[in-house]
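What follows is the content of structure38.cif, which has mmCIF, C-alpha atoms:
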```
data_start
loop_
_atom_site.group_PDB
_atom_site.id
_atom_site.type_symbol
_atom_site.label_atom_id
_atom_site.label_comp_id
_atom_site.auth_asym_id
_atom_site.auth_seq_id
_atom_site.Cartn_x
_atom_site.Cartn_y
_atom_site.Cartn_z
ATOM 1 C CA MET P 985 291.803 184.919 229.829
ATOM 2 C CA ASN P 986 290.811 188.569 230.248
ATOM 3 C CA GLN P 987 290.835 189.681 233.867
ATOM 4 C CA ASN P 988 288.521 192.458 232.851
ATOM 5 C CA LEU P 989 285.630 191.306 230.681
ATOM 6 C CA PHE P 990 285.382 194.720 229.028
ATOM 7 C CA ALA P 991 289.069 194.920 228.082
ATOM 8 C CA SER P 992 288.248 194.071 224.462
ATOM 9 C CA PHE P 993 286.116 197.224 224.199
ATOM 10 C CA ASN P 994 289.057 199.510 225.027
ATOM 11 C CA ILE P 995 290.344 201.501 222.066
ATOM 12 C CA PRO P 996 293.658 200.012 220.917
ATOM 13 C CA ALA P 997 296.657 202.309 220.995
ATOM 14 C CA ILE P 998 300.327 202.136 220.055
ATOM 15 C CA LEU P 999 302.678 204.232 222.194
ATOM 16 C CA GLY P 1000 299.662 206.200 223.394
ATOM 17 C CA ILE P 1001 298.443 206.981 219.871
ATOM 18 C CA PRO P 1002 294.851 205.713 219.392
ATOM 19 C CA LEU P 1003 294.385 203.538 216.318
ATOM 20 C CA VAL P 1004 290.630 203.988 216.057
ATOM 21 C CA ILE P 1005 290.839 206.236 212.969
ATOM 22 C CA LEU P 1006 292.794 203.574 211.054
ATOM 23 C CA ILE P 1007 290.402 200.869 212.219
ATOM 24 C CA ILE P 1008 287.348 202.838 211.078
ATOM 25 C CA MET P 1009 288.967 203.539 207.704
ATOM 26 C CA LEU P 1010 289.869 199.890 207.135
ATOM 27 C CA PRO P 1011 286.446 198.707 205.817
ATOM 28 C CA ALA P 1012 286.574 201.386 203.117
ATOM 29 C CA THR P 1013 289.528 199.563 201.548
ATOM 30 C CA PHE P 1014 287.267 196.555 200.867
ATOM 31 C CA ILE P 1015 284.975 198.614 198.612
ATOM 32 C CA THR P 1016 286.864 199.057 195.343
ATOM 33 C CA PRO P 1017 285.715 201.912 193.110
ATOM 34 C CA THR P 1018 285.945 201.223 189.405
ATOM 35 C CA ASN P 1019 285.535 203.088 186.122
ATOM 36 C CA ASN P 1020 284.839 200.008 183.978
ATOM 37 C CA LEU P 1021 281.418 199.271 182.546
ATOM 38 C CA ILE P 1022 281.967 195.539 183.015
ATOM 39 C CA ASN P 1023 283.930 194.709 186.142
ATOM 40 C CA ASN P 1024 285.587 191.741 187.717
ATOM 41 C CA ARG P 1025 283.612 189.318 189.877
ATOM 42 C CA PHE P 1026 284.336 191.048 193.194
ATOM 43 C CA SER P 1027 283.321 194.511 192.002
ATOM 44 C CA SER P 1028 280.256 193.104 190.223
ATOM 45 C CA LEU P 1029 279.180 191.343 193.402
ATOM 46 C CA GLN P 1030 279.597 194.556 195.419
ATOM 47 C CA GLN P 1031 277.582 196.542 192.847
ATOM 48 C CA TRP P 1032 274.851 193.911 192.754
ATOM 49 C CA LEU P 1033 274.560 193.953 196.567
ATOM 50 C CA ILE P 1034 274.436 197.743 196.697
ATOM 51 C CA GLN P 1035 271.798 197.855 193.925
ATOM 52 C CA LEU P 1036 269.719 195.240 195.753
ATOM 53 C CA MET P 1037 269.790 197.275 198.983
ATOM 54 C CA LEU P 1038 269.180 200.515 197.095
ATOM 55 C CA LYS P 1039 266.087 199.243 195.283
ATOM 56 C CA GLN P 1040 264.624 197.728 198.422
ATOM 57 C CA MET P 1041 265.200 200.798 200.568
ATOM 58 C CA MET P 1042 264.575 203.746 198.274
ATOM 59 C CA ILE P 1043 261.559 202.550 196.278
ATOM 60 C CA THR P 1044 259.035 204.213 198.575
ATOM 61 C CA HIS P 1045 260.803 207.568 198.664
ATOM 62 C CA SER P 1046 259.957 210.691 196.710
ATOM 63 C CA THR P 1047 262.481 212.354 194.353
ATOM 64 C CA LYS P 1048 263.709 214.526 197.200
ATOM 65 C CA GLY P 1049 264.173 211.525 199.477
ATOM 66 C CA ARG P 1050 266.136 209.659 196.814
ATOM 67 C CA THR P 1051 268.857 212.309 196.949
ATOM 68 C CA TRP P 1052 269.834 210.560 200.185
ATOM 69 C CA SER P 1053 270.577 207.278 198.355
ATOM 70 C CA LEU P 1054 274.357 207.666 198.422
ATOM 71 C CA MET P 1055 274.325 208.631 202.102
ATOM 72 C CA LEU P 1056 272.172 205.665 203.118
ATOM 73 C CA MET P 1057 274.076 203.119 201.047
ATOM 74 C CA ALA P 1058 277.378 204.382 202.477
ATOM 75 C CA LEU P 1059 275.862 204.161 205.971
ATOM 76 C CA ILE P 1060 274.660 200.580 205.682
ATOM 77 C CA THR P 1061 277.923 199.435 204.068
ATOM 78 C CA PHE P 1062 279.994 201.224 206.718
ATOM 79 C CA ILE P 1063 278.071 199.829 209.692
ATOM 80 C CA ALA P 1064 277.840 196.303 208.257
ATOM 81 C CA LEU P 1065 281.566 196.125 207.507
ATOM 82 C CA ASN P 1066 282.491 197.565 210.915
ATOM 83 C CA ASN P 1067 280.235 195.039 212.653
ATOM 84 C CA LEU P 1068 281.698 192.159 210.649
ATOM 85 C CA LEU P 1069 285.215 193.419 211.361
ATOM 86 C CA GLY P 1070 284.588 192.850 215.064
ATOM 87 C CA LEU P 1071 283.787 189.199 214.541
ATOM 88 C CA THR P 1072 287.379 188.363 213.618
ATOM 89 C CA PRO P 1073 289.364 187.093 216.633
ATOM 90 C CA TYR P 1074 290.970 189.711 218.874
ATOM 91 C CA ALA P 1075 289.573 192.500 216.703
ATOM 92 C CA PHE P 1076 288.208 195.800 217.967
ATOM 93 C CA THR P 1077 284.648 196.675 216.944
ATOM 94 C CA PRO P 1078 284.192 200.420 216.422
ATOM 95 C CA THR P 1079 280.401 200.148 216.642
ATOM 96 C CA THR P 1080 280.578 199.095 220.302
ATOM 97 C CA GLN P 1081 281.500 202.695 221.097
ATOM 98 C CA LEU P 1082 278.377 204.721 221.936
ATOM 99 C CA SER P 1083 280.201 207.916 220.985
ATOM 100 C CA MET P 1084 280.613 206.723 217.408
ATOM 101 C CA ASN P 1085 277.017 205.551 217.088
ATOM 102 C CA LEU P 1086 275.692 208.800 218.545
ATOM 103 C CA GLY P 1087 277.953 210.618 216.111
ATOM 104 C CA MET P 1088 276.166 208.821 213.277
ATOM 105 C CA ALA P 1089 272.624 208.881 214.661
ATOM 106 C CA ILE P 1090 272.245 212.472 215.872
ATOM 107 C CA PRO P 1091 273.337 214.319 212.696
ATOM 108 C CA LEU P 1092 271.292 212.048 210.419
ATOM 109 C CA TRP P 1093 268.163 212.295 212.577
ATOM 110 C CA ALA P 1094 268.576 216.071 212.971
ATOM 111 C CA ALA P 1095 268.983 216.443 209.201
ATOM 112 C CA THR P 1096 265.708 214.598 208.550
ATOM 113 C CA VAL P 1097 263.837 216.648 211.170
ATOM 114 C CA LEU P 1098 265.213 219.965 209.913
ATOM 115 C CA MET P 1099 264.428 218.974 206.333
ATOM 116 C CA GLY P 1100 260.859 218.226 207.312
ATOM 117 C CA LEU P 1101 260.473 221.502 209.187
ATOM 118 C CA ARG P 1102 262.014 223.479 206.338
ATOM 119 C CA PHE P 1103 260.181 221.983 203.329
ATOM 120 C CA LYS P 1104 256.977 220.524 204.813
ATOM 121 C CA THR P 1105 256.370 222.558 207.962
ATOM 122 C CA LYS P 1106 252.638 221.827 208.243
ATOM 123 C CA LEU P 1107 253.059 218.081 207.817
ATOM 124 C CA ALA P 1108 256.078 217.940 210.155
ATOM 125 C CA LEU P 1109 254.154 219.748 212.922
ATOM 126 C CA ALA P 1110 250.990 217.728 212.319
ATOM 127 C CA HIS P 1111 252.970 214.516 212.921
ATOM 128 C CA PHE P 1112 253.021 215.330 216.630
ATOM 129 C CA LEU P 1113 249.279 214.676 216.876
ATOM 130 C CA PRO P 1114 247.943 211.323 215.592
ATOM 131 C CA GLN P 1115 244.795 211.622 213.529
ATOM 132 C CA GLY P 1116 241.535 211.025 215.423
ATOM 133 C CA THR P 1117 242.884 211.709 218.918
ATOM 134 C CA PRO P 1118 240.121 212.501 221.451
ATOM 135 C CA VAL P 1119 240.154 216.144 222.559
ATOM 136 C CA PRO P 1120 241.052 215.593 226.282
ATOM 137 C CA LEU P 1121 244.126 213.590 225.265
ATOM 138 C CA ILE P 1122 245.533 216.118 222.753
ATOM 139 C CA PRO P 1123 248.010 218.073 224.972
ATOM 140 C CA MET P 1124 249.328 214.956 226.677
ATOM 141 C CA LEU P 1125 249.801 213.116 223.397
ATOM 142 C CA ILE P 1126 251.636 216.058 221.818
ATOM 143 C CA ILE P 1127 254.054 216.109 224.766
ATOM 144 C CA ILE P 1128 254.528 212.341 224.507
ATOM 145 C CA GLU P 1129 255.162 212.536 220.741
ATOM 146 C CA THR P 1130 257.698 215.347 221.270
ATOM 147 C CA ILE P 1131 259.567 213.278 223.853
ATOM 148 C CA SER P 1132 259.527 210.223 221.564
ATOM 149 C CA LEU P 1133 260.930 212.380 218.757
ATOM 150 C CA PHE P 1134 263.924 213.414 220.862
ATOM 151 C CA ILE P 1135 264.479 209.867 222.026
ATOM 152 C CA GLN P 1136 264.782 208.590 218.414
ATOM 153 C CA PRO P 1137 268.523 209.321 217.895
ATOM 154 C CA VAL P 1138 269.416 207.996 221.355
ATOM 155 C CA ALA P 1139 267.462 204.802 220.671
ATOM 156 C CA LEU P 1140 269.155 204.415 217.284
ATOM 157 C CA ALA P 1141 272.634 204.657 218.774
ATOM 158 C CA VAL P 1142 271.981 202.625 221.920
ATOM 159 C CA ARG P 1143 270.241 199.848 219.946
ATOM 160 C CA LEU P 1144 273.321 199.301 217.784
ATOM 161 C CA THR P 1145 275.783 199.620 220.674
ATOM 162 C CA ALA P 1146 273.865 197.282 222.978
ATOM 163 C CA ASN P 1147 273.268 194.579 220.370
ATOM 164 C CA ILE P 1148 276.890 194.406 219.241
ATOM 165 C CA THR P 1149 278.321 194.720 222.769
ATOM 166 C CA ALA P 1150 276.003 192.043 224.172
ATOM 167 C CA GLY P 1151 276.958 189.586 221.450
ATOM 168 C CA HIS P 1152 280.659 190.136 221.974
ATOM 169 C CA LEU P 1153 280.301 189.807 225.736
ATOM 170 C CA LEU P 1154 278.450 186.511 225.370
ATOM 171 C CA MET P 1155 281.152 185.159 223.080
ATOM 172 C CA HIS P 1156 283.833 186.165 225.604
ATOM 173 C CA LEU P 1157 281.956 184.591 228.503
ATOM 174 C CA LEU P 1158 281.317 181.353 226.662
ATOM 175 C CA GLY P 1159 284.919 181.244 225.471
ATOM 176 C CA ASP P 1160 286.205 181.620 229.028
ATOM 177 C CA THR P 1161 283.711 178.992 230.224
ATOM 178 C CA THR P 1162 284.881 176.560 227.529
ATOM 179 C CA LEU P 1163 288.539 177.041 228.440
ATOM 180 C CA THR P 1164 287.801 176.464 232.123
ATOM 181 C CA LEU P 1165 285.615 173.427 231.465
ATOM 182 C CA MET P 1166 288.191 171.788 229.160
ATOM 183 C CA SER P 1167 290.470 170.990 232.087
ATOM 184 C CA ILE P 1168 287.630 169.965 234.407
ATOM 185 C CA TYR P 1169 284.897 168.273 232.392
ATOM 186 C CA LEU P 1170 285.653 167.719 228.700
ATOM 187 C CA SER P 1171 282.210 166.618 227.515
ATOM 188 C CA SER P 1172 280.589 169.833 228.857
ATOM 189 C CA SER P 1173 283.141 171.871 226.963
ATOM 190 C CA THR P 1174 282.042 170.253 223.670
ATOM 191 C CA ILE P 1175 278.511 171.495 224.391
ATOM 192 C CA THR P 1176 279.792 175.009 225.010
ATOM 193 C CA ILE P 1177 281.873 174.864 221.811
ATOM 194 C CA ILE P 1178 278.730 173.973 219.848
ATOM 195 C CA ILE P 1179 276.909 176.868 221.543
ATOM 196 C CA ILE P 1180 279.766 179.234 220.630
ATOM 197 C CA ILE P 1181 279.596 178.142 216.979
ATOM 198 C CA LEU P 1182 275.842 178.777 216.944
ATOM 199 C CA LEU P 1183 276.383 182.123 218.672
ATOM 200 C CA ILE P 1184 278.957 183.203 216.099
ATOM 201 C CA THR P 1185 276.447 182.360 213.353
ATOM 202 C CA LEU P 1186 273.861 184.420 215.209
ATOM 203 C CA GLU P 1187 276.309 187.299 215.599
ATOM 204 C CA LEU P 1188 276.980 187.271 211.850
ATOM 205 C CA GLY P 1189 273.249 187.719 211.326
ATOM 206 C CA VAL P 1190 272.970 190.369 214.040
ATOM 207 C CA ALA P 1191 275.880 192.330 212.538
ATOM 208 C CA LEU P 1192 274.119 192.585 209.172
ATOM 209 C CA ILE P 1193 270.615 193.013 210.585
ATOM 210 C CA GLN P 1194 271.614 195.846 212.928
ATOM 211 C CA ALA P 1195 273.232 197.708 210.030
ATOM 212 C CA TYR P 1196 270.011 197.255 208.049
ATOM 213 C CA VAL P 1197 267.786 198.307 210.956
ATOM 214 C CA PHE P 1198 269.839 201.455 211.620
ATOM 215 C CA THR P 1199 269.693 202.509 207.968
ATOM 216 C CA LEU P 1200 266.046 201.532 207.580
ATOM 217 C CA LEU P 1201 265.034 203.658 210.560
ATOM 218 C CA VAL P 1202 266.952 206.663 209.214
ATOM 219 C CA SER P 1203 265.215 206.064 205.883
ATOM 220 C CA LEU P 1204 261.835 205.939 207.662
ATOM 221 C CA TYR P 1205 262.504 209.210 209.466
ATOM 222 C CA LEU P 1206 263.453 210.679 206.088
ATOM 223 C CA HIS P 1207 260.281 209.349 204.480
ATOM 224 C CA ASP P 1208 258.161 210.981 207.177
ATOM 225 C CA ASN P 1209 259.838 214.324 206.539
ATOM 226 C CA SER P 1210 260.285 214.430 202.758
ATOM 227 C CA MET T 1081 248.107 207.658 206.805
ATOM 228 C CA ALA T 1082 245.566 210.161 205.467
ATOM 229 C CA GLY T 1083 247.137 213.265 204.001
ATOM 230 C CA PRO T 1084 245.901 216.559 202.568
ATOM 231 C CA GLU T 1085 243.838 214.725 199.919
ATOM 232 C CA ALA T 1086 241.596 213.189 202.617
ATOM 233 C CA ASP T 1087 240.981 216.501 204.416
ATOM 234 C CA GLU T 1088 238.014 217.431 202.170
ATOM 235 C CA GLN T 1089 235.825 214.740 203.731
ATOM 236 C CA PHE T 1090 235.825 216.565 207.080
ATOM 237 C CA GLN T 1091 233.584 219.654 207.429
ATOM 238 C CA PHE T 1092 233.926 221.517 210.722
ATOM 239 C CA THR T 1093 232.398 224.767 211.976
ATOM 240 C CA GLY T 1094 233.383 227.265 214.630
ATOM 241 C CA ILE T 1095 236.602 226.771 216.587
ATOM 242 C CA LYS T 1096 236.746 223.124 215.519
ATOM 243 C CA LYS T 1097 237.499 224.331 212.011
ATOM 244 C CA TYR T 1098 240.918 225.501 213.243
ATOM 245 C CA PHE T 1099 241.578 223.161 216.178
ATOM 246 C CA ASN T 1100 240.810 219.488 215.580
ATOM 247 C CA SER T 1101 242.716 216.228 215.336
ATOM 248 C CA TYR T 1102 241.512 215.201 211.854
ATOM 249 C CA ILE T 1103 242.804 217.638 209.239
ATOM 250 C CA LEU T 1104 246.418 218.758 208.798
ATOM 251 C CA THR T 1105 245.757 222.418 209.631
ATOM 252 C CA GLY T 1106 243.789 221.478 212.748
ATOM 253 C CA ARG T 1107 246.523 219.158 213.979
ATOM 254 C CA LYS T 1108 249.197 221.747 213.291
ATOM 255 C CA ASN T 1109 247.266 224.423 215.192
ATOM 256 C CA CYS T 1110 246.740 222.081 218.179
ATOM 257 C CA VAL T 1111 250.474 221.370 218.293
ATOM 258 C CA LEU T 1112 251.382 225.068 218.093
ATOM 259 C CA ALA T 1113 248.779 225.931 220.738
ATOM 260 C CA THR T 1114 250.177 223.267 223.099
ATOM 261 C CA TYR T 1115 253.741 224.518 222.646
ATOM 262 C CA GLY T 1116 252.564 228.109 223.105
ATOM 263 C CA GLY T 1117 250.719 227.156 226.279
ATOM 264 C CA ILE T 1118 253.785 225.415 227.715
ATOM 265 C CA ALA T 1119 255.943 228.451 226.851
ATOM 266 C CA LEU T 1120 253.449 230.774 228.573
ATOM 267 C CA ILE T 1121 253.390 228.608 231.722
ATOM 268 C CA ILE T 1122 257.209 228.594 231.858
ATOM 269 C CA LEU T 1123 257.292 232.359 231.296
ATOM 270 C CA TYR T 1124 254.698 232.916 234.033
ATOM 271 C CA PHE T 1125 256.679 230.947 236.632
ATOM 272 C CA LYS T 1126 259.948 232.621 235.625
ATOM 273 C CA LEU T 1127 258.473 236.110 235.978
ATOM 274 C CA ARG T 1128 256.715 235.183 239.240
ATOM 275 C CA SER T 1129 259.963 233.963 240.813
ATOM 276 C CA LYS T 1130 261.670 237.283 239.855
ATOM 277 C CA LYS T 1131 258.853 239.367 241.415
ATOM 278 C CA THR T 1132 258.652 237.369 244.684
ATOM 279 C CA PRO T 1133 261.067 239.062 247.165
ATOM 280 C CA ALA T 1134 263.573 236.971 249.104
ATOM 281 C CA VAL T 1135 262.380 235.865 252.560
ATOM 282 C CA LYS T 1136 264.180 237.777 255.344
ATOM 283 C CA ALA T 1137 265.705 235.771 258.214
ATOM 284 C CA THR T 1138 263.935 236.440 261.551
#
```
Please express the file's structure as structure tokens.
Amino acid sequence: MNQNLFASFNIPAILGIPLVILIIMLPATFITPTNNLINNRFSSLQQWLIQLMLKQMMITHSTKGRTWSLMLMALITFIALNNLLGLTPYAFTPTTQLSMNLGMAIPLWAATVLMGLRFKTKLALAHFLPQGTPVPLIPMLIIIETISLFIQPVALAVRLTANITAGHLLMHLLGDTTLTLMSIYLSSSTITIIIIILLITLELGVALIQAYVFTLLVSLYLHDNS
Amino acid sequence: MAGPEADEQFQFTGIKKYFNSYILTGRKNCVLATYGGIALIILYFKLRSKKTPAVKAT
């Protein structure tokens, strides 16, 4: 049993050397690039999944926005695989680290904003004032919209971090509860085991959904600015 | 959301032609005016604090 509940969120290290780079690179080994026109089942399944996500996400974008297709598909695959990696027992989840999520969110958000200001300056500036705003509310609403713009990358990163961390914490807590209850009251521990199984199923869904939400929001910011 | 193609339906005169919350140009000008106003207020308080002499101890 962990004395410290947050011990599983510490970055693993061997002889003082952090292993986080290797851990982050590990999901990339699951995606196998191929030069064949007709591939094996695994590669075909991967391609089908990526095409499904690509069509669903990029259909509303203009030609300029679709140049981001590779970036967004890599992003969703990376986050989804990292989230799923953390669901294996005793594994470290890179996406529980706020630093990593901020490192993904801030550059992507900034790129969409700068792209909007560079290529569609009038539209990008006009976004700060919703259409039909009454005159007395205009300055206040512009300030509020500016603040909400700068909060976007922070919200992106914190949303992913908090969702994944909360799920892992719950699993740890319930696991510790089950172990304690097994020696005291066996029938209660069966209830907690059932709850853990349901929670793991939920966490599988959350892992994939959070990857989708992160990428979808970046795609929405891009759509507003392209 | 209405874009440039819907701007023709609005006909404004006077200052409302340039500052309104309906057409793209009007919205853009309102945003720039707000940012300019905030910058002027900050500049005013910065310059005022430089001009005000330090209070001498009595």
Per residue of chain P within 9 Å of chain T, which atom pair is closest and at what distance in Å (one decimal), using all atoms listed in the file, listed by chain and increasing number, as a tab-separated table?
```
residue	atom	partner	partner_atom	distance
P:Thr1105	CA	T:Lys1108	CA	9.0
P:Lys1106	CA	T:Lys1108	CA	6.1
P:Leu1107	CA	T:Leu1104	CA	6.7
P:Ala1108	CA	T:Lys1108	CA	8.5
P:Leu1109	CA	T:Lys1108	CA	5.4
P:Ala1110	CA	T:Lys1108	CA	4.5
P:His1111	CA	T:Arg1107	CA	8.0
P:Phe1112	CA	T:Val1111	CA	6.8
P:Leu1113	CA	T:Arg1107	CA	6.0
P:Pro1114	CA	T:Ser1101	CA	7.2
P:Gln1115	CA	T:Tyr1102	CA	5.1
P:Gly1116	CA	T:Ser1101	CA	5.3
P:Thr1117	CA	T:Ser1101	CA	5.8
P:Pro1118	CA	T:Ser1101	CA	7.6
P:Val1119	CA	T:Ser1101	CA	7.7
P:Ile1122	CA	T:Cys1110	CA	7.6
P:Pro1123	CA	T:Thr1114	CA	5.9
P:Ile1126	CA	T:Val1111	CA	6.5
P:Ile1127	CA	T:Thr1114	CA	8.3
```
Calculate, to one decimal in Å, the centre and edge lengths of the box along x, y and z of the file that holds all listed atoms of segment 1090-1098 of chain P with 3 Å of margin on each side, and present them as JSON.
```
{"center_x": 268.6, "center_y": 216.0, "center_z": 212.2, "size_x": 15.5, "size_y": 13.9, "size_z": 13.3}
```
Residues within 12 Å of segment 1012-1022 of chain P, please, as a CSV table (one decimal) with C-alpha atoms, in the frame of the given file. Count only C-alpha atoms; anything in the same chain fewer than 4 positions from it doesn't count.
```csv
chain,number,residue,atom,x,y,z
P,1005,ILE,CA,290.8,206.2,213.0
P,1006,LEU,CA,292.8,203.6,211.1
P,1007,ILE,CA,290.4,200.9,212.2
P,1008,ILE,CA,287.3,202.8,211.1
P,1026,PHE,CA,284.3,191.0,193.2
P,1027,SER,CA,283.3,194.5,192.0
P,1028,SER,CA,280.3,193.1,190.2
P,1029,LEU,CA,279.2,191.3,193.4
P,1030,GLN,CA,279.6,194.6,195.4
P,1031,GLN,CA,277.6,196.5,192.8
P,1033,LEU,CA,274.6,194.0,196.6
P,1034,ILE,CA,274.4,197.7,196.7
P,1058,ALA,CA,277.4,204.4,202.5
P,1059,LEU,CA,275.9,204.2,206.0
P,1061,THR,CA,277.9,199.4,204.1
P,1062,PHE,CA,280.0,201.2,206.7
P,1063,ILE,CA,278.1,199.8,209.7
P,1064,ALA,CA,277.8,196.3,208.3
P,1065,LEU,CA,281.6,196.1,207.5
P,1066,ASN,CA,282.5,197.6,210.9
P,1069,LEU,CA,285.2,193.4,211.4
```
Next item on the list: Find the distance between atom CA of Leu1188 of chain P and atom CA of Val1142 of chain P and write it in Å to one decimal.
Entry: 19.0 Å
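Our summary of the geometry notes that atom CA of Val1004 of chain P is positioned 9.5 Å from atom CA of Thr1077 of chain P.
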Next item on the list: Can you work out the spacing between atom CA of Leu1186 of chain P and atom CA of Ile1090 of chain P in Å, to one decimal?
Entry: 28.1 Å
Next item on the list: Excluding segment 1153-1157 of chain P and any residue of its chain fewer than 3 positions from it, enumerate the residues within 8 Å of it, using all atoms listed in the file, and give them as a list in words.
Entry: Leu989, Phe990, Thr1149, Ala1150, Asp1160, Thr1161, Ile1180, Leu1183 and Ile1184 of chain P
Atoms kept (C-alpha atoms) for selection, written as a JSON list (two decimals), in the frame of the given file:
```
[["chain", "number", "residue", "atom", "x", "y", "z"],
["P", 989, "LEU", "CA", 285.63, 191.31, 230.68],
["P", 990, "PHE", "CA", 285.38, 194.72, 229.03],
["P", 1149, "THR", "CA", 278.32, 194.72, 222.77],
["P", 1150, "ALA", "CA", 276.00, 192.04, 224.17],
["P", 1160, "ASP", "CA", 286.20, 181.62, 229.03],
["P", 1161, "THR", "CA", 283.71, 178.99, 230.22],
["P", 1180, "ILE", "CA", 279.77, 179.23, 220.63],
["P", 1183, "LEU", "CA", 276.38, 182.12, 218.67],
["P", 1184, "ILE", "CA", 278.96, 183.20, 216.10]]
```
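Taking all atoms listed in the file into account, Asn1209 of chain P lies nearest to P:Thr1096 out of the set P:Thr1096, P:Thr1044, P:Ser1173, P:Asn994.
Minimum atom-to-atom distances from P:Ile1043, P:Leu1038, P:Ala991, P:Val1138 to Leu1092 of chain P were compared using only C-alpha atoms, and the lowest value belongs to P:Val1138.
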Next item on the list: Write out as a PyMOL selection string the residues lying within 12 Å of Ala1095 of chain P, counting only C-alpha atoms and excluding same-chain residues fewer than 2 positions away.
Entry: chain P and resi 1049+1052+1055+1088-1093+1097-1103+1137+1202-1203+1205-1206+1209-1210
Note to self: Which residue is closest to Gly1087 of chain P? Choose from P:Ile1135, P:Met1042, P:Ala1141, P:Ala1075 and count all atoms listed in the file.
What the structure shows: P:Ala1141
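Considering the residues P:Leu1200, P:Thr1174, P:Asp1208, P:Ala1094 and counting only C-alpha atoms, Leu1056 of chain P has its shortest atom-to-atom contact with P:Leu1200.
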Since the input is missing atoms, can you rebuild N, CA, C and O atoms for segment 1034-1045 of chain P and write them as a compact mmCIF listing (two decimals), in the coordinates of the input?
```
# COMPACT_ATOMS: atom_id res chain seq x y z
N ILE P 1034 274.83 196.36 196.43
CA ILE P 1034 274.44 197.74 196.70
C ILE P 1034 273.15 198.08 195.93
O ILE P 1034 272.26 198.74 196.48
N GLN P 1035 273.03 197.59 194.69
CA GLN P 1035 271.80 197.86 193.92
C GLN P 1035 270.60 197.18 194.57
O GLN P 1035 269.49 197.74 194.60
N LEU P 1036 270.80 195.98 195.09
CA LEU P 1036 269.72 195.24 195.75
C LEU P 1036 269.21 196.02 196.96
O LEU P 1036 268.00 196.21 197.15
N MET P 1037 270.16 196.51 197.79
CA MET P 1037 269.79 197.28 198.98
C MET P 1037 269.14 198.60 198.59
O MET P 1037 268.15 199.04 199.18
N LEU P 1038 269.68 199.21 197.54
CA LEU P 1038 269.18 200.52 197.10
C LEU P 1038 267.74 200.42 196.63
O LEU P 1038 266.88 201.21 197.03
N LYS P 1039 267.45 199.40 195.81
CA LYS P 1039 266.09 199.24 195.28
C LYS P 1039 265.12 198.99 196.42
O LYS P 1039 264.03 199.54 196.48
N GLN P 1040 265.53 198.12 197.34
CA GLN P 1040 264.62 197.73 198.42
C GLN P 1040 264.34 198.90 199.34
O GLN P 1040 263.22 199.07 199.83
N MET P 1041 265.34 199.75 199.57
CA MET P 1041 265.20 200.80 200.57
C MET P 1041 264.60 202.08 200.01
O MET P 1041 263.87 202.77 200.70
N MET P 1042 264.93 202.41 198.77
CA MET P 1042 264.58 203.75 198.27
C MET P 1042 263.33 203.75 197.39
O MET P 1042 262.95 204.80 196.91
N ILE P 1043 262.68 202.61 197.22
CA ILE P 1043 261.56 202.55 196.28
C ILE P 1043 260.37 203.36 196.75
O ILE P 1043 259.58 203.88 195.95
N THR P 1044 260.21 203.50 198.06
CA THR P 1044 259.04 204.21 198.58
C THR P 1044 259.27 205.72 198.72
O THR P 1044 258.37 206.45 199.07
N HIS P 1045 260.49 206.15 198.45
CA HIS P 1045 260.80 207.57 198.66
C HIS P 1045 260.43 208.42 197.47
O HIS P 1045 260.38 207.95 196.34
```
